[in-house]
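Undergrad: One structure follows; several queries about it will come next.
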Amino acid sequence: MTNESSALLVIMSRILEYPNDDFFEERPIIEKFVNEQIHEETQRKDILERIAPLFDMGQKKLQELYVETFDYKEKTSLYLTAHELGDSRKRGAALIKLQKLICEAGFEYEGKELADYIPMLLELLAVAPAEENIIRLKRRLSYAIHRLLNNLPSSNPYHKAIDLLMMFVFTAPEKEEIDFLENEREEADLDELPYPVMYR
């Protein structure tokens with residue numbers, strides 16, 4: 001992975017975090033980081049132009065957009081296994097395997113989010129050595145980011161920012177890979193029960 005790709009993963013890891021006070025205070029730091037780490041002028045310009053609307057929106061509006069875009073929405077979720085497995089019971093085992101992968105890569109996960117939280121995994125990908133499990137994780141993230149973008153309206157400011165990952169880091173998954181993962185995913189059963197449930 002190139003230094004520019006690693007730098008973009010770190011940048012997008014921060015961009016996809018919940019926009020609290022720190023998010024807006026860090027804008028000059030992020031812009032400086034882009035200017036220092038991204039040497040190709042067109043790429044640098046693309047990154048700065050695509051993340052700027054998020055910072056320009058203001059905290060309250062951006063927080064509302066973030067919740068509306070990512071929270072409790074399986075198709076635009078920021079959790080890897082939600083894209084891979086949907087509402088399947090297999091997600092528990094997948095989370096344990098991801099936690100193990102993080103530890104085996106020599107990192108200790110400290111955070112409130114689950115081990116499949118995409119911003120955290122992007123940061124891991126940026127710094128972890130390119131071993132077989134990390135290369136596989138990159139393919140998995142390619143699929144999740146590709147799926148997220150396909151379900152996110154292009155008018156949403158997050159769409160242009162997230163698309164940077166497909167432009168400069170990831171490659172779109174093959175149709176066979178998409179078909180296989182689509183078959184693995186389980187939808188939540190939200191139908192009404194066929195009979196009333198009484199609690200006493």
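Ordered as shown in the structure tokens, chains take letters A, B, and onward, while each chain numbers its residues from 1 and ligands are numbered from 1 in the order shown.
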If you count only C-alpha atoms, which residues fall within 12 Å of Glu49 of chain A, apart from same-chain ones fewer than 3 positions away, as a ChimeraX atom specification?
TA: /A:31,34,42-46,52-56,157,160-161,164
Undergrad: Could you save those same residues with C-alpha atoms as a PDB file, in the first residue's frame?
TA:
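So part-v9.pdb came out as:
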ATOM      1  CA  GLU A  31      -5.977  19.804   5.870  1.00  0.00           C
ATOM      2  CA  VAL A  34      -3.489  16.129   3.399  1.00  0.00           C
ATOM      3  CA  THR A  42      -4.935  16.260  -8.448  1.00  0.00           C
ATOM      4  CA  GLN A  43      -5.478  13.723  -5.671  1.00  0.00           C
ATOM      5  CA  ARG A  44      -4.762  16.318  -2.986  1.00  0.00           C
ATOM      6  CA  LYS A  45      -7.243  18.753  -4.579  1.00  0.00           C
ATOM      7  CA  ASP A  46      -9.893  16.016  -4.886  1.00  0.00           C
ATOM      8  CA  ALA A  52     -14.836  20.547   2.677  1.00  0.00           C
ATOM      9  CA  PRO A  53     -18.688  20.471   2.434  1.00  0.00           C
ATOM     10  CA  LEU A  54     -18.841  18.356   5.604  1.00  0.00           C
ATOM     11  CA  PHE A  55     -16.867  20.902   7.612  1.00  0.00           C
ATOM     12  CA  ASP A  56     -18.761  23.827   6.031  1.00  0.00           C
ATOM     13  CA  PRO A 157     -22.177  15.083   1.034  1.00  0.00           C
ATOM     14  CA  LYS A 160     -18.394  12.254  -2.421  1.00  0.00           C
ATOM     15  CA  ALA A 161     -16.089  11.910   0.580  1.00  0.00           C
ATOM     16  CA  LEU A 164     -12.409   8.835  -2.360  1.00  0.00           C
TER      17      LEU A 164
END
Undergrad: Residues at most 9 Å from Leu114 of chain A, counting only C-alpha atoms, excluding those fewer than 4 positions away in the same chain, as a list of chain:residue names?
TA: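 Near neighbours after the sequence-gap exclusion: A:Tyr79, A:Leu95, A:Gln99.
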Undergrad: Taking C-alpha atoms for each residue, export the selection above as a CSV table (one decimal), in the first residue's frame.
TA:
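Full text of result.csv as output:
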chain,number,residue,atom,x,y,z
A,79,TYR,CA,-20.3,-1.8,10.6
A,95,LEU,CA,-17.0,-10.1,15.5
A,99,GLN,CA,-11.2,-9.0,17.4
Undergrad: Residues of segment 98-168 of chain A within 6 Å of segment 5-13 of chain A: nearest atom pair and distance (Å, one decimal) for each, counting only C-alpha atoms, sorted by chain and number, as CSV?
TA:
residue,atom,partner,partner_atom,distance
A:Pro119,CA,A:Ser13,CA,4.2
A:Leu122,CA,A:Leu9,CA,5.4
A:Glu123,CA,A:Val10,CA,5.2
A:Ala126,CA,A:Ser6,CA,4.4
Undergrad: Take the residues just selected and output them with C-alpha atoms as a PDB file, in the first residue's frame.
TA:
ATOM      1  CA  PRO A 119     -13.598   3.889  10.683  1.00  0.00           C
ATOM      2  CA  LEU A 122      -9.684   1.801   7.998  1.00  0.00           C
ATOM      3  CA  GLU A 123      -7.137   3.059  10.504  1.00  0.00           C
ATOM      4  CA  ALA A 126      -3.435   2.066   7.156  1.00  0.00           C
TER       5      ALA A 126
END
Undergrad: Out of A:Met167, A:Ala144, A:Leu85, A:Ile102, which residue has the shortest atom-to-atom distance to Leu125 of chain A when counting only C-alpha atoms?
TA: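 Looking only at the distances to Leu125 of chain A, the closest residue turns out to be A:Ile102.
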Undergrad: Between atom CA of Tyr117 of chain A and atom CA of Gly92 of chain A, what is the spacing in Å?
TA: 13.6 Å
Undergrad: In Å, with one decimal, what is the gap from atom CA of Asn3 of chain A to atom CA of Val127 of chain A?
TA: 10.0 Å
Undergrad: Which of segment 35-174 of chain A counts as helix (DSSP H, G or I) under DSSP, as JSON, numbers by chain please?
TA: {"A": [35, 36, 37, 41, 42, 43, 44, 45, 46, 47, 48, 49, 50, 51, 52, 53, 54, 55, 56, 59, 60, 61, 62, 63, 64, 65, 66, 67, 68, 69, 70, 74, 75, 76, 80, 81, 82, 83, 84, 85, 90, 91, 92, 93, 94, 95, 96, 97, 98, 99, 100, 101, 102, 103, 104, 118, 119, 120, 121, 122, 123, 124, 125, 126, 127, 132, 133, 134, 135, 136, 137, 138, 139, 140, 141, 142, 143, 144, 145, 146, 147, 148, 149, 150, 157, 158, 159, 160, 161, 162, 163, 164, 165, 166, 167, 168]}
Undergrad: Quick one: residues within 10 Å of Leu80 of chain A, only C-alpha atoms, excluding same-chain residues fewer than 3 positions away - as a VMD selection string?
TA: chain A and resid 77 83 to 86 91 94 to 95 98 114 to 119 121 137 140 to 141 143 to 145
Undergrad: Point out the residue among A:Glu17, A:Phe107, A:Leu165, A:Glu177 with the least atom-to-atom distance to Ile47 of chain A, counting only C-alpha atoms.
TA: A:Leu165
Undergrad: List the neighbours of Met57 of chain A out to 12 Å using only C-alpha atoms; skip same-chain residues closer than 6 positions along the sequence, and give me the result as a PyMOL selection string.
TA: chain A and resi 19+24+51+63-66+156-158
